[in-house]
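Visitor: So here's model01.cif, just mmCIF, C-alpha atoms (C1' of nucleotides):
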```cif
data_work
loop_
_atom_site.label_atom_id
_atom_site.label_comp_id
_atom_site.auth_asym_id
_atom_site.auth_seq_id
_atom_site.Cartn_x
_atom_site.Cartn_y
_atom_site.Cartn_z
CA MET T 1 -41.63 -6.07 16.78
CA ALA T 2 -41.83 -7.37 13.23
CA GLY T 3 -43.91 -5.22 10.95
CA VAL T 4 -43.82 -2.09 13.08
CA THR T 5 -42.17 -0.16 10.31
CA THR T 6 -43.79 -1.43 7.14
CA THR T 7 -41.49 -0.87 4.23
CA THR T 8 -41.32 -2.78 0.96
CA PRO T 9 -40.10 -6.30 1.74
CA PRO T 10 -36.76 -6.98 0.09
CA PRO T 11 -37.27 -8.98 -3.13
CA ARG T 12 -35.51 -12.30 -3.31
CA PRO T 13 -32.02 -11.56 -4.59
CA THR T 14 -31.13 -12.94 -7.99
CA LYS T 15 -28.15 -15.23 -8.39
CA GLY T 16 -26.14 -12.35 -9.81
CA GLU T 17 -26.92 -10.18 -6.84
CA ARG T 18 -25.87 -12.86 -4.43
CA THR T 19 -22.58 -13.35 -6.26
CA ARG T 20 -22.04 -9.63 -6.14
CA GLU T 21 -22.51 -9.60 -2.39
CA ARG T 22 -20.12 -12.49 -2.00
CA ILE T 23 -17.49 -10.66 -4.02
CA LEU T 24 -17.92 -7.54 -1.90
CA ASP T 25 -17.58 -9.59 1.27
CA VAL T 26 -14.34 -11.29 0.32
CA ALA T 27 -12.93 -8.12 -1.20
CA PHE T 28 -13.61 -6.43 2.12
CA GLU T 29 -11.75 -9.14 4.01
CA LEU T 30 -8.76 -9.11 1.70
CA PHE T 31 -8.45 -5.34 1.39
CA ALA T 32 -8.74 -5.11 5.17
CA ARG T 33 -6.00 -7.67 5.67
CA SER T 34 -3.48 -6.44 3.11
CA GLY T 35 -4.52 -3.08 1.69
CA TYR T 36 -5.35 -2.24 -1.88
CA HIS T 37 -2.12 -2.55 -3.85
CA ALA T 38 -1.10 -5.82 -2.24
CA VAL T 39 -4.34 -7.57 -3.23
CA SER T 40 -5.13 -8.69 -6.77
CA VAL T 41 -8.45 -9.16 -8.50
CA ARG T 42 -7.40 -12.76 -8.93
CA ASP T 43 -7.01 -13.20 -5.17
CA ILE T 44 -10.51 -11.88 -4.67
CA ALA T 45 -11.96 -14.03 -7.45
CA THR T 46 -10.40 -17.19 -6.06
CA ALA T 47 -11.67 -16.51 -2.55
CA ALA T 48 -15.15 -15.83 -3.93
CA GLY T 49 -15.14 -19.03 -5.94
CA LEU T 50 -14.93 -17.68 -9.47
CA THR T 51 -12.36 -16.46 -11.94
CA HIS T 52 -10.89 -13.08 -12.26
CA ALA T 53 -12.83 -12.37 -15.43
CA GLY T 54 -16.02 -13.16 -13.59
CA VAL T 55 -15.32 -10.54 -10.96
CA LEU T 56 -14.63 -7.90 -13.58
CA LYS T 57 -18.05 -8.51 -15.17
CA HIS T 58 -19.66 -7.39 -11.91
CA PHE T 59 -17.41 -4.40 -11.29
CA GLY T 60 -15.83 -2.22 -13.89
CA GLY T 61 -12.37 -2.60 -12.42
CA LYS T 62 -10.40 -3.07 -9.24
CA ASP T 63 -10.77 0.61 -8.34
CA GLU T 64 -14.58 0.54 -8.53
CA LEU T 65 -14.63 -2.57 -6.43
CA LEU T 66 -12.65 -0.82 -3.72
CA LEU T 67 -14.94 2.18 -3.74
CA GLN T 68 -18.01 0.00 -3.37
CA VAL T 69 -16.45 -1.91 -0.50
CA LEU T 70 -15.65 1.35 1.29
CA GLN T 71 -19.08 2.82 0.67
CA ARG T 72 -20.85 -0.28 1.91
CA ARG T 73 -18.88 -0.44 5.14
CA GLU T 74 -19.30 3.26 5.76
CA GLU T 75 -23.07 2.87 5.50
CA ILE T 76 -23.08 0.02 8.00
CA GLU T 77 -21.13 2.06 10.54
CA SER T 78 -23.36 5.09 9.97
CA ARG T 79 -26.45 3.01 10.65
CA ASP T 80 -25.05 1.83 13.97
CA GLN T 81 -24.31 5.38 15.01
CA ASP T 82 -27.71 6.68 13.89
CA ALA T 83 -29.35 3.94 15.92
CA GLN T 84 -27.56 5.22 18.99
CA TRP T 85 -28.64 8.81 18.41
CA GLU T 86 -32.24 7.76 17.86
CA ARG T 87 -32.12 5.80 21.09
CA GLY T 88 -31.29 9.04 22.88
CA ASP T 89 -27.65 8.30 23.58
CA THR T 90 -25.37 11.20 24.45
CA PHE T 91 -22.36 12.34 22.46
CA ALA T 92 -20.07 10.47 24.81
CA ASP T 93 -22.19 7.32 24.55
CA VAL T 94 -22.03 7.34 20.77
CA LEU T 95 -18.30 7.99 20.82
CA VAL T 96 -17.51 5.20 23.25
CA GLY T 97 -19.92 2.94 21.38
CA THR T 98 -18.07 3.61 18.15
CA VAL T 99 -14.73 2.83 19.74
CA GLN T 100 -16.09 -0.36 21.26
CA ARG T 101 -17.63 -1.52 18.00
CA GLY T 102 -14.19 -0.98 16.52
CA LEU T 103 -12.75 -3.41 19.06
CA ASP T 104 -15.30 -6.03 18.00
CA THR T 105 -14.78 -5.55 14.27
CA PRO T 106 -11.03 -5.44 13.73
CA ALA T 107 -11.34 -6.01 9.99
CA LEU T 108 -13.41 -2.89 9.55
CA VAL T 109 -10.90 -0.82 11.48
CA ALA T 110 -8.04 -2.35 9.54
CA LEU T 111 -9.76 -1.54 6.25
CA PHE T 112 -10.11 2.15 6.95
CA THR T 113 -6.73 2.51 8.62
CA LYS T 114 -4.78 0.83 5.86
CA ILE T 115 -6.61 2.22 2.89
CA SER T 116 -6.69 5.78 4.24
CA GLY T 117 -2.93 5.65 4.55
CA GLU T 118 -2.51 4.49 0.98
CA ALA T 119 -5.11 7.02 -0.13
CA THR T 120 -3.03 9.98 0.98
CA THR T 121 -1.29 9.53 -2.37
CA PRO T 122 -3.17 11.89 -4.74
CA ASP T 123 -3.62 9.36 -7.51
CA HIS T 124 -4.88 6.55 -5.31
CA PRO T 125 -8.33 5.40 -6.48
CA SER T 126 -9.89 6.31 -3.14
CA HIS T 127 -8.04 9.57 -2.53
CA GLU T 128 -11.02 11.78 -3.28
CA TRP T 129 -13.42 9.48 -1.47
CA PHE T 130 -11.38 9.76 1.73
CA ALA T 131 -10.93 13.50 1.43
CA ALA T 132 -14.71 13.85 1.13
CA ARG T 133 -15.25 11.43 3.99
CA TYR T 134 -13.12 13.49 6.37
CA ARG T 135 -14.85 16.69 5.35
CA ARG T 136 -18.17 15.06 6.13
CA LEU T 137 -16.99 13.53 9.41
CA ARG T 138 -15.45 16.79 10.62
CA ALA T 139 -18.61 18.71 9.85
CA GLY T 140 -20.88 16.20 11.57
CA LEU T 141 -18.61 15.92 14.56
CA ALA T 142 -18.37 19.69 14.93
CA ARG T 143 -22.16 19.89 15.10
CA ALA T 144 -22.25 17.15 17.70
CA PHE T 145 -19.58 18.94 19.70
CA ARG T 146 -21.53 22.18 19.67
CA THR T 147 -24.59 20.47 21.11
CA ALA T 148 -22.64 18.47 23.67
CA LEU T 149 -20.73 21.52 24.85
CA GLU T 150 -23.94 23.32 25.78
CA GLN T 151 -24.48 20.83 28.58
CA ALA T 152 -20.79 20.49 29.42
CA GLU T 153 -18.68 22.10 32.12
CA PRO T 154 -16.96 25.12 30.59
CA VAL T 155 -13.21 24.57 30.36
CA ASP T 156 -10.23 26.82 29.84
CA PRO T 157 -9.26 27.43 27.11
CA PRO T 158 -12.78 27.08 25.68
CA VAL T 159 -13.32 24.32 23.15
CA ASP T 160 -13.41 25.24 19.48
CA PRO T 161 -15.75 22.68 17.86
CA GLU T 162 -13.95 22.72 14.50
CA LEU T 163 -10.53 22.20 16.03
CA ALA T 164 -11.91 19.62 18.44
CA SER T 165 -13.41 17.53 15.65
CA THR T 166 -10.17 17.42 13.67
CA GLN T 167 -8.40 16.58 16.90
CA LEU T 168 -10.75 13.78 17.92
CA LEU T 169 -10.72 12.17 14.47
CA ALA T 170 -6.94 12.29 14.43
CA LEU T 171 -6.79 10.69 17.84
CA LEU T 172 -9.14 7.88 16.83
CA ASP T 173 -7.23 7.15 13.64
CA GLY T 174 -3.81 7.31 15.17
CA LEU T 175 -4.82 4.96 17.96
CA GLN T 176 -5.73 2.30 15.44
CA VAL T 177 -2.26 2.30 13.90
CA GLN T 178 -0.66 1.61 17.26
CA ARG T 179 -3.30 -0.94 18.14
CA LEU T 180 -3.02 -2.87 14.89
CA LEU T 181 0.75 -2.96 15.27
CA GLU T 182 0.53 -4.20 18.85
CA PRO T 183 -2.99 -4.88 20.15
CA ASP T 184 -2.13 -5.00 23.85
CA ALA T 185 -0.13 -1.79 23.87
CA VAL T 186 -3.18 0.44 23.72
CA ASP T 187 -6.49 0.89 25.54
CA PRO T 188 -8.55 2.93 23.07
CA VAL T 189 -11.52 3.47 25.36
CA ALA T 190 -9.32 4.83 28.13
CA VAL T 191 -7.43 7.14 25.79
CA VAL T 192 -10.55 8.56 24.16
CA THR T 193 -12.43 8.88 27.44
CA ASP T 194 -9.54 10.79 28.97
CA HIS T 195 -9.44 13.10 26.00
CA VAL T 196 -13.09 14.13 25.90
CA ARG T 197 -13.27 14.50 29.68
CA ARG T 198 -10.63 17.19 29.43
CA LEU T 199 -12.97 19.02 27.07
CA GLY T 200 -15.54 19.14 29.86
CA ILE T 201 -17.74 16.42 28.39
CA PRO T 202 -18.80 13.85 31.01
CA VAL T 203 -18.36 10.16 30.19
CA ARG T 204 -19.99 7.24 31.99
CA ASP T 205 -17.57 4.68 33.41
CA MET X 1 32.46 27.18 14.25
CA ALA X 2 34.20 24.50 12.24
CA GLY X 3 36.46 22.27 14.25
CA VAL X 4 34.93 22.94 17.65
CA THR X 5 34.06 19.28 18.00
CA THR X 6 37.01 17.48 16.47
CA THR X 7 35.92 14.07 15.26
CA THR X 8 37.45 11.97 12.52
CA PRO X 9 36.96 13.83 9.24
CA PRO X 10 34.71 11.86 6.89
CA PRO X 11 36.83 10.05 4.30
CA ARG X 12 36.05 10.83 0.70
CA PRO X 13 33.19 8.55 -0.28
CA THR X 14 33.92 5.94 -2.90
CA LYS X 15 31.88 5.81 -6.05
CA GLY X 16 29.96 2.84 -4.68
CA GLU X 17 29.07 4.72 -1.53
CA ARG X 18 27.86 7.70 -3.50
CA THR X 19 25.66 5.48 -5.65
CA ARG X 20 24.31 3.89 -2.51
CA GLU X 21 23.36 7.27 -1.11
CA ARG X 22 21.68 8.22 -4.35
CA ILE X 23 19.65 5.04 -4.33
CA LEU X 24 18.56 5.67 -0.75
CA ASP X 25 17.55 9.21 -1.65
CA VAL X 26 15.37 8.30 -4.60
CA ALA X 27 13.93 5.28 -2.79
CA PHE X 28 12.95 7.62 0.01
CA GLU X 29 11.20 9.98 -2.41
CA LEU X 30 9.34 7.21 -4.19
CA PHE X 31 8.31 5.29 -1.08
CA ALA X 32 7.14 8.56 0.43
CA ARG X 33 5.09 9.40 -2.62
CA SER X 34 3.45 6.05 -3.26
CA GLY X 35 4.13 3.66 -0.41
CA TYR X 36 5.98 0.38 -0.52
CA HIS X 37 3.85 -1.99 -2.57
CA ALA X 38 3.13 0.51 -5.31
CA VAL X 39 6.82 1.15 -6.03
CA SER X 40 9.08 -1.27 -7.87
CA VAL X 41 12.82 -1.75 -7.72
CA ARG X 42 12.79 -0.85 -11.41
CA ASP X 43 11.19 2.50 -10.61
CA ILE X 44 13.87 3.22 -8.06
CA ALA X 45 16.68 2.10 -10.34
CA THR X 46 15.47 4.26 -13.22
CA ALA X 47 15.17 7.33 -11.02
CA ALA X 48 18.67 6.71 -9.65
CA GLY X 49 20.12 6.34 -13.10
CA LEU X 50 20.95 2.65 -13.16
CA THR X 51 19.25 -0.65 -13.80
CA HIS X 52 17.29 -2.71 -11.37
CA ALA X 53 20.09 -5.26 -11.23
CA GLY X 54 22.45 -2.53 -10.12
CA VAL X 55 20.21 -1.58 -7.22
CA LEU X 56 19.98 -5.16 -6.04
CA LYS X 57 23.77 -5.41 -5.86
CA HIS X 58 23.77 -2.68 -3.22
CA PHE X 59 20.82 -3.95 -1.19
CA GLY X 60 19.81 -7.50 -0.65
CA GLY X 61 16.25 -6.90 -1.76
CA LYS X 62 13.42 -4.41 -1.80
CA ASP X 63 12.57 -5.08 1.84
CA GLU X 64 16.10 -4.31 3.05
CA LEU X 65 16.10 -1.16 1.02
CA LEU X 66 12.93 -0.03 2.74
CA LEU X 67 14.31 -0.73 6.19
CA GLN X 68 17.44 1.25 5.48
CA VAL X 69 15.43 4.19 4.17
CA LEU X 70 13.30 4.17 7.32
CA GLN X 71 16.28 3.84 9.63
CA ARG X 72 18.14 6.66 7.93
CA ARG X 73 15.25 9.07 8.15
CA GLU X 74 14.53 8.14 11.74
CA GLU X 75 18.10 8.99 12.67
CA ILE X 76 17.87 12.38 10.97
CA GLU X 77 14.72 13.26 12.89
CA SER X 78 16.22 12.02 16.17
CA ARG X 79 19.25 14.22 15.66
CA ASP X 80 17.06 17.30 15.20
CA GLN X 81 15.18 16.53 18.40
CA ASP X 82 18.34 15.83 20.37
CA ALA X 83 19.75 19.14 19.22
CA GLN X 84 16.71 20.86 20.69
CA TRP X 85 17.06 19.10 24.04
CA GLU X 86 20.76 19.93 24.23
CA ARG X 87 19.94 23.54 23.51
CA GLY X 88 17.78 23.56 26.63
CA ASP X 89 14.41 23.60 24.90
CA THR X 90 11.37 22.59 26.88
CA PHE X 91 9.11 19.64 26.16
CA ALA X 92 6.63 21.95 24.47
CA ASP X 93 9.39 23.55 22.38
CA VAL X 94 10.60 20.20 21.13
CA LEU X 95 7.06 19.08 20.38
CA VAL X 96 6.14 22.19 18.43
CA GLY X 97 9.51 22.07 16.71
CA THR X 98 8.86 18.52 15.60
CA VAL X 99 5.46 19.44 14.23
CA GLN X 100 6.88 22.42 12.40
CA ARG X 101 9.73 20.44 10.90
CA GLY X 102 7.02 18.09 9.65
CA LEU X 103 5.39 20.98 7.83
CA ASP X 104 8.69 21.76 6.11
CA THR X 105 9.44 18.18 5.13
CA PRO X 106 6.22 16.76 3.72
CA ALA X 107 7.99 13.82 2.12
CA LEU X 108 9.30 12.62 5.45
CA VAL X 109 5.85 12.82 7.01
CA ALA X 110 4.33 11.08 4.03
CA LEU X 111 6.86 8.28 4.27
CA PHE X 112 6.06 7.41 7.87
CA THR X 113 2.33 7.92 7.51
CA LYS X 114 1.95 5.74 4.45
CA ILE X 115 4.35 3.00 5.38
CA SER X 116 3.11 2.71 8.96
CA GLY X 117 -0.40 2.13 7.60
CA GLU X 118 0.80 -0.61 5.29
CA ALA X 119 2.95 -2.01 8.08
CA THR X 120 -0.03 -2.79 10.29
CA THR X 121 -0.28 -5.96 8.19
CA PRO X 122 1.72 -8.54 10.17
CA ASP X 123 3.73 -9.81 7.21
CA HIS X 124 4.75 -6.40 5.91
CA PRO X 125 8.56 -6.09 5.78
CA SER X 126 8.54 -3.18 8.20
CA HIS X 127 5.87 -4.48 10.60
CA GLU X 128 8.31 -5.35 13.34
CA TRP X 129 10.35 -2.22 12.78
CA PHE X 130 7.30 -0.02 13.33
CA ALA X 131 6.10 -1.98 16.34
CA ALA X 132 9.54 -1.47 17.90
CA ARG X 133 9.58 2.18 16.89
CA TYR X 134 6.30 2.87 18.70
CA ARG X 135 7.48 1.05 21.81
CA ARG X 136 10.57 3.22 21.81
CA LEU X 137 8.70 6.45 21.10
CA ARG X 138 6.09 5.77 23.78
CA ALA X 139 8.77 5.04 26.36
CA GLY X 140 10.78 8.14 25.52
CA LEU X 141 7.72 10.32 25.43
CA ALA X 142 6.48 9.01 28.75
CA ARG X 143 9.79 9.99 30.34
CA ALA X 144 9.59 13.44 28.80
CA PHE X 145 6.03 13.80 30.07
CA ARG X 146 7.03 12.88 33.61
CA THR X 147 9.68 15.58 33.65
CA ALA X 148 7.47 18.20 32.02
CA LEU X 149 4.60 17.50 34.40
CA GLU X 150 6.74 18.32 37.42
CA GLN X 151 6.80 21.94 36.35
CA ALA X 152 3.25 21.95 34.99
CA GLU X 153 -0.02 23.14 36.51
CA PRO X 154 -1.73 20.11 38.04
CA VAL X 155 -4.91 19.24 36.14
CA ASP X 156 -7.94 17.13 36.87
CA PRO X 157 -7.98 14.25 36.17
CA PRO X 158 -4.20 13.99 36.68
CA VAL X 159 -2.14 13.07 33.65
CA ASP X 160 -0.96 9.48 33.30
CA PRO X 161 2.35 9.70 31.39
CA GLU X 162 1.92 6.31 29.70
CA LEU X 163 -1.59 7.05 28.51
CA ALA X 164 -0.61 10.56 27.51
CA SER X 165 2.25 9.36 25.33
CA THR X 166 0.06 6.91 23.42
CA GLN X 167 -2.48 9.66 23.08
CA LEU X 168 -0.07 12.29 21.81
CA LEU X 169 1.53 9.95 19.29
CA ALA X 170 -1.89 8.95 18.02
CA LEU X 171 -2.88 12.58 17.65
CA LEU X 172 0.28 13.43 15.71
CA ASP X 173 -0.12 10.47 13.37
CA GLY X 174 -3.82 10.95 12.75
CA LEU X 175 -3.32 14.61 11.97
CA GLN X 176 -0.98 13.72 9.15
CA VAL X 177 -3.54 11.57 7.41
CA GLN X 178 -6.03 14.41 7.31
CA ARG X 179 -3.36 16.87 6.31
CA LEU X 180 -1.98 14.78 3.46
CA LEU X 181 -5.50 14.25 2.14
CA GLU X 182 -6.30 17.95 2.30
CA PRO X 183 -3.43 20.22 3.39
CA ASP X 184 -5.49 23.31 4.16
CA ALA X 185 -8.07 21.51 6.26
CA VAL X 186 -5.81 21.16 9.27
CA ASP X 187 -3.59 23.36 11.45
CA PRO X 188 -1.33 20.83 13.18
CA VAL X 189 0.39 23.31 15.45
CA ALA X 190 -2.92 24.64 16.76
CA VAL X 191 -4.32 21.17 17.34
CA VAL X 192 -1.26 19.91 19.17
CA THR X 193 -0.82 23.09 21.18
CA ASP X 194 -4.44 22.93 22.32
CA HIS X 195 -4.00 19.34 23.34
CA VAL X 196 -0.92 19.68 25.52
CA ARG X 197 -2.20 22.89 27.14
CA ARG X 198 -5.14 20.90 28.46
CA LEU X 199 -2.61 18.63 30.14
CA GLY X 200 -1.33 21.64 32.06
CA ILE X 201 1.82 22.03 30.00
CA PRO X 202 2.45 25.65 28.98
CA VAL X 203 3.22 26.38 25.33
CA ARG X 204 4.73 29.58 23.93
CA ASP X 205 2.64 31.29 21.26
"C1'" DG R 1 30.32 -1.40 -10.27
"C1'" DT R 2 27.15 -1.57 -13.62
"C1'" DC R 3 25.32 -3.50 -17.62
"C1'" DT R 4 22.41 -6.80 -20.75
"C1'" DA R 5 19.81 -10.70 -21.01
"C1'" DT R 6 16.70 -13.57 -19.23
"C1'" DA R 7 13.83 -16.24 -16.05
"C1'" DC R 8 9.33 -16.91 -14.04
"C1'" DG R 9 5.30 -15.64 -11.70
"C1'" DG R 10 1.75 -12.30 -11.20
"C1'" DG R 11 -0.76 -7.97 -12.41
"C1'" DG R 12 -5.19 -5.91 -14.81
"C1'" DA R 13 -7.97 -6.18 -18.66
"C1'" DT R 14 -10.54 -7.98 -22.85
"C1'" DA R 15 -12.59 -11.31 -26.48
"C1'" DG R 16 -15.26 -14.83 -27.33
"C1'" DA R 17 -16.95 -19.68 -26.19
"C1'" DC R 18 -20.42 -22.15 -23.39
"C1'" DG Z 1 -23.34 -15.44 -15.70
"C1'" DT Z 2 -19.22 -17.61 -15.86
"C1'" DC Z 3 -15.50 -19.70 -18.17
"C1'" DT Z 4 -10.96 -20.21 -20.91
"C1'" DA Z 5 -7.58 -18.16 -23.45
"C1'" DT Z 6 -4.83 -14.55 -24.31
"C1'" DC Z 7 -2.61 -9.86 -24.25
"C1'" DC Z 8 0.90 -7.08 -22.52
"C1'" DC Z 9 3.14 -5.01 -18.80
"C1'" DC Z 10 5.28 -5.27 -14.28
"C1'" DG Z 11 7.07 -7.75 -10.19
"C1'" DT Z 12 11.58 -9.71 -8.00
"C1'" DA Z 13 15.61 -12.09 -8.85
"C1'" DT Z 14 19.90 -14.18 -11.04
"C1'" DA Z 15 23.83 -15.18 -14.39
"C1'" DG Z 16 27.32 -13.61 -16.75
"C1'" DA Z 17 29.41 -9.96 -19.94
"C1'" DC Z 18 32.06 -5.59 -19.88
#
```
Taking this structure as input, can you express it in the form of structure tokens?
Guide:
Amino acid sequence: MAGVTTTTPPPRPTKGERTRERILDVAFELFARSGYHAVSVRDIATAAGLTHAGVLKHFGGKDELLLQVLQRREEIESRDQDAQWERGDTFADVLVGTVQRGLDTPALVALFTKISGEATTPDHPSHEWFAARYRRLRAGLARAFRTALEQAEPVDPPVDPELASTQLLALLDGLQVQRLLEPDAVDPVAVVTDHVRRLGIPVRD
Amino acid sequence: MAGVTTTTPPPRPTKGERTRERILDVAFELFARSGYHAVSVRDIATAAGLTHAGVLKHFGGKDELLLQVLQRREEIESRDQDAQWERGDTFADVLVGTVQRGLDTPALVALFTKISGEATTPDHPSHEWFAARYRRLRAGLARAFRTALEQAEPVDPPVDPELASTQLLALLDGLQVQRLLEPDAVDPVAVVTDHVRRLGIPVRD
DNA sequence: GTCTATACGGGGATAGAC
DNA sequence: GTCTATCCCCGTATAGAC
């Protein structure tokens, strides 16, 4: 399948670009493990094999580094979801797929769960980023709900797509807290499947 | 109504006890506002009107202080819920009451939301406390569900009390994240009411 | 019971050498 | 592009004065 979509081939990354990637990778791991405040630029620098001054040459400060880590991971997750839509998957397929990818990538889940909690503080460096993220996710999810509900069994009371999207996002987030605290206490697929079925949306077993 | 339940009258608190209470109060406010890692013992001491050495005389360390703040607030919330049960309130009444109390006490909600996120890290000082808390809450909620479902309309698929308790807790927690990020974006009572109604449990308007 | 003084490690950030 | 050196503030914790 190589060459089917002919875009510009990626130019060989410079040394600086490769270092930058490495920094983003280790920053991701450390922020995911311990959150933002508990991790220092020095920790990240050491894990990436350079000094703390070196890291700050690549990123303006610790706050910018966090934002770029978040943005990068968000784009990866979006790509996976888009791939499912383009493949013709249903709403329920994409939802279950997202939950299952979360089970396979605990660090990514931990990153968003921990940092979003910290970010509820108004002066946290990612507060605005998360507020915007939820606005975007709610809007996209509400659209997906509207489409999915056209084919769904009508239920009583009828489903309000806006309320349902807030509700589903809350459920997904809250599940992760319990799961990270005690992995075996929770079956996320079962919980989410049960929830959307009660909205009249069929889910494959 | 004073004196209806005659228990030992509280002895006049010593100066040390009053200072202790004051420290717990300001620690609660600061932890709720900024989380655990972002707050220092010096911050707490200053806000309580003494030095950081003074605070550490009353509590063994920052971690113990956090645990006592959490425990104290948990007991307050439990008392409010117990009062509702003893008054004869239904499951739905207690649930909606809890959500509404949360709207009136944003600091309390912020405390549990922020700290539980941080506490998903295994070596966080309150990691075990939160894991135990969720075990307890899930068990209690599952019992309440079983009772409430006896009087409820049967639904399809039937409600599994264990799954439903994990699900409801997750929903409540996740809602708070969205609400703290953007208070007007979410109507917690509507979301929770909608959810439990779909489980066949009637809720007053 | 609370203070001052102090210890020591760690935090983010910057200047300037190589 | 990365380093070393340094700044200054903040972190938790303790000893001992008042």
Visitor: Would you mind reading off the distance between CA of His127 in chain X and CA of Ile115 in chain X, one decimal, in Å?
Guide: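 A separation of 9.2 Å between them.
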Visitor: List every protein, DNA or RNA residue that has an atom no more than 9 Å from (5.2, -2.9, -10.7) in the file's coordinate frame, counting all atoms listed in the file, and report them as a VMD selection string.
Guide: (chain X and resid 37 to 43) or (chain R and resid 11) or (chain Z and resid 9 to 11)
Visitor: With all atoms listed in the file as the basis for distance, which of T:Ala83, T:Leu181, T:Leu149, T:Leu199 is at the shortest distance from chain X?
Guide: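 For chain X, the nearest of the given residues is T:Leu181.
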Visitor: Per residue of chain X within 10 Å of chain R, which atom pair is closest and at what distance in Å (one decimal), using all atoms listed in the file, listed by chain and increasing number, as JSON lines?
Guide:
```
{"residue": "X:Lys15", "atom": "CA", "partner": "R:DG1", "partner_atom": "C1'", "distance": 8.5}
{"residue": "X:Gly16", "atom": "CA", "partner": "R:DG1", "partner_atom": "C1'", "distance": 7.0}
{"residue": "X:Thr19", "atom": "CA", "partner": "R:DG1", "partner_atom": "C1'", "distance": 9.5}
{"residue": "X:Leu50", "atom": "CA", "partner": "R:DT2", "partner_atom": "C1'", "distance": 7.5}
{"residue": "X:Thr51", "atom": "CA", "partner": "R:DC3", "partner_atom": "C1'", "distance": 7.7}
{"residue": "X:Ala53", "atom": "CA", "partner": "R:DT2", "partner_atom": "C1'", "distance": 8.3}
{"residue": "X:Gly54", "atom": "CA", "partner": "R:DT2", "partner_atom": "C1'", "distance": 5.9}
{"residue": "X:Val55", "atom": "CA", "partner": "R:DT2", "partner_atom": "C1'", "distance": 9.4}
{"residue": "X:Lys57", "atom": "CA", "partner": "R:DG1", "partner_atom": "C1'", "distance": 8.9}
{"residue": "X:His58", "atom": "CA", "partner": "R:DG1", "partner_atom": "C1'", "distance": 9.7}
```
Visitor: List the residues matched by the PyMOL selection byres ((chain T and resi 202) around 9) in the displayed structure as a VMD selection string, ordered by chain and then by residue number.
Guide: chain T and resid 92 152 to 153 193 196 to 201 203 to 204
Visitor: Just to be explicit: take each residue in the selection above, keep C-alpha atoms, and write the result as a PDB file, in the coordinates of the input.
Guide:
```pdb
ATOM      1  CA  ALA T  92     -20.070  10.470  24.810  1.00  0.00           C
ATOM      2  CA  ALA T 152     -20.790  20.490  29.420  1.00  0.00           C
ATOM      3  CA  GLU T 153     -18.680  22.100  32.120  1.00  0.00           C
ATOM      4  CA  THR T 193     -12.430   8.880  27.440  1.00  0.00           C
ATOM      5  CA  VAL T 196     -13.090  14.130  25.900  1.00  0.00           C
ATOM      6  CA  ARG T 197     -13.270  14.500  29.680  1.00  0.00           C
ATOM      7  CA  ARG T 198     -10.630  17.190  29.430  1.00  0.00           C
ATOM      8  CA  LEU T 199     -12.970  19.020  27.070  1.00  0.00           C
ATOM      9  CA  GLY T 200     -15.540  19.140  29.860  1.00  0.00           C
ATOM     10  CA  ILE T 201     -17.740  16.420  28.390  1.00  0.00           C
ATOM     11  CA  VAL T 203     -18.360  10.160  30.190  1.00  0.00           C
ATOM     12  CA  ARG T 204     -19.990   7.240  31.990  1.00  0.00           C
TER      13      ARG T 204
END
```
Visitor: Could you check which of X:Ala32, X:Leu180, X:Leu56, X:Val159 is closest to DA13 in chain Z, using only C-alpha atoms (C1' of nucleotides)?
Guide: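 Of X:Ala32, X:Leu180, X:Leu56, X:Val159, the one nearest DA13 in chain Z, counting only C-alpha atoms (C1' of nucleotides), is X:Leu56.
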Visitor: Run the PyMOL selection byres ((chain Z) within 12 of (chain T)) mentally over the shown coordinates, then write out the matched residues as number ranges by chain, using the chain letters and numbers from the document.
Guide: Z: 1-5, 11
Visitor: May I ask for the distance between CA of Val186 in chain X and CA of Asp173 in chain X, given in Å to one decimal place?
Guide: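 Atom-to-atom, CA of Val186 in chain X to CA of Asp173 in chain X, that is 12.8 Å.
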Visitor: Please enumerate the residues selected by the PyMOL selection byres ((chain T) within 9 of (chain X)) when evaluated against the supplied file, formatted as a ChimeraX atom specification.
Guide: /T:33-35,37-38,110,113-124,127-128,130-131,134-135,156-157,163-164,166-182,185-187,190-192,194-195,197-199
Visitor: Which residue gives the smallest distance to Thr105 in chain T among T:Ala27, T:Thr7, T:Arg73, T:Ser126, with all atoms listed in the file counted?
Guide: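 Counting all atoms listed in the file, the residue closest to Thr105 in chain T is T:Arg73.
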Visitor: Determine the axis-aligned bounding box of all atoms of range 6-18 of chain R present in the file, pad each side by 8 Å, and express its centre and edge lengths in Å to one decimal place as AutoDock Vina command-line options.
Guide:
```
--center_x -1.9 --center_y -14.0 --center_z -19.3 --size_x 53.1 --size_y 32.2 --size_z 32.1
```
Visitor: Do you have the CA of Ala142 in chain T-CA of Asp93 in chain T distance handy?
Guide: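 Taking CA of Ala142 in chain T as the start and CA of Asp93 in chain T as the end point, the length is 16.1 Å.
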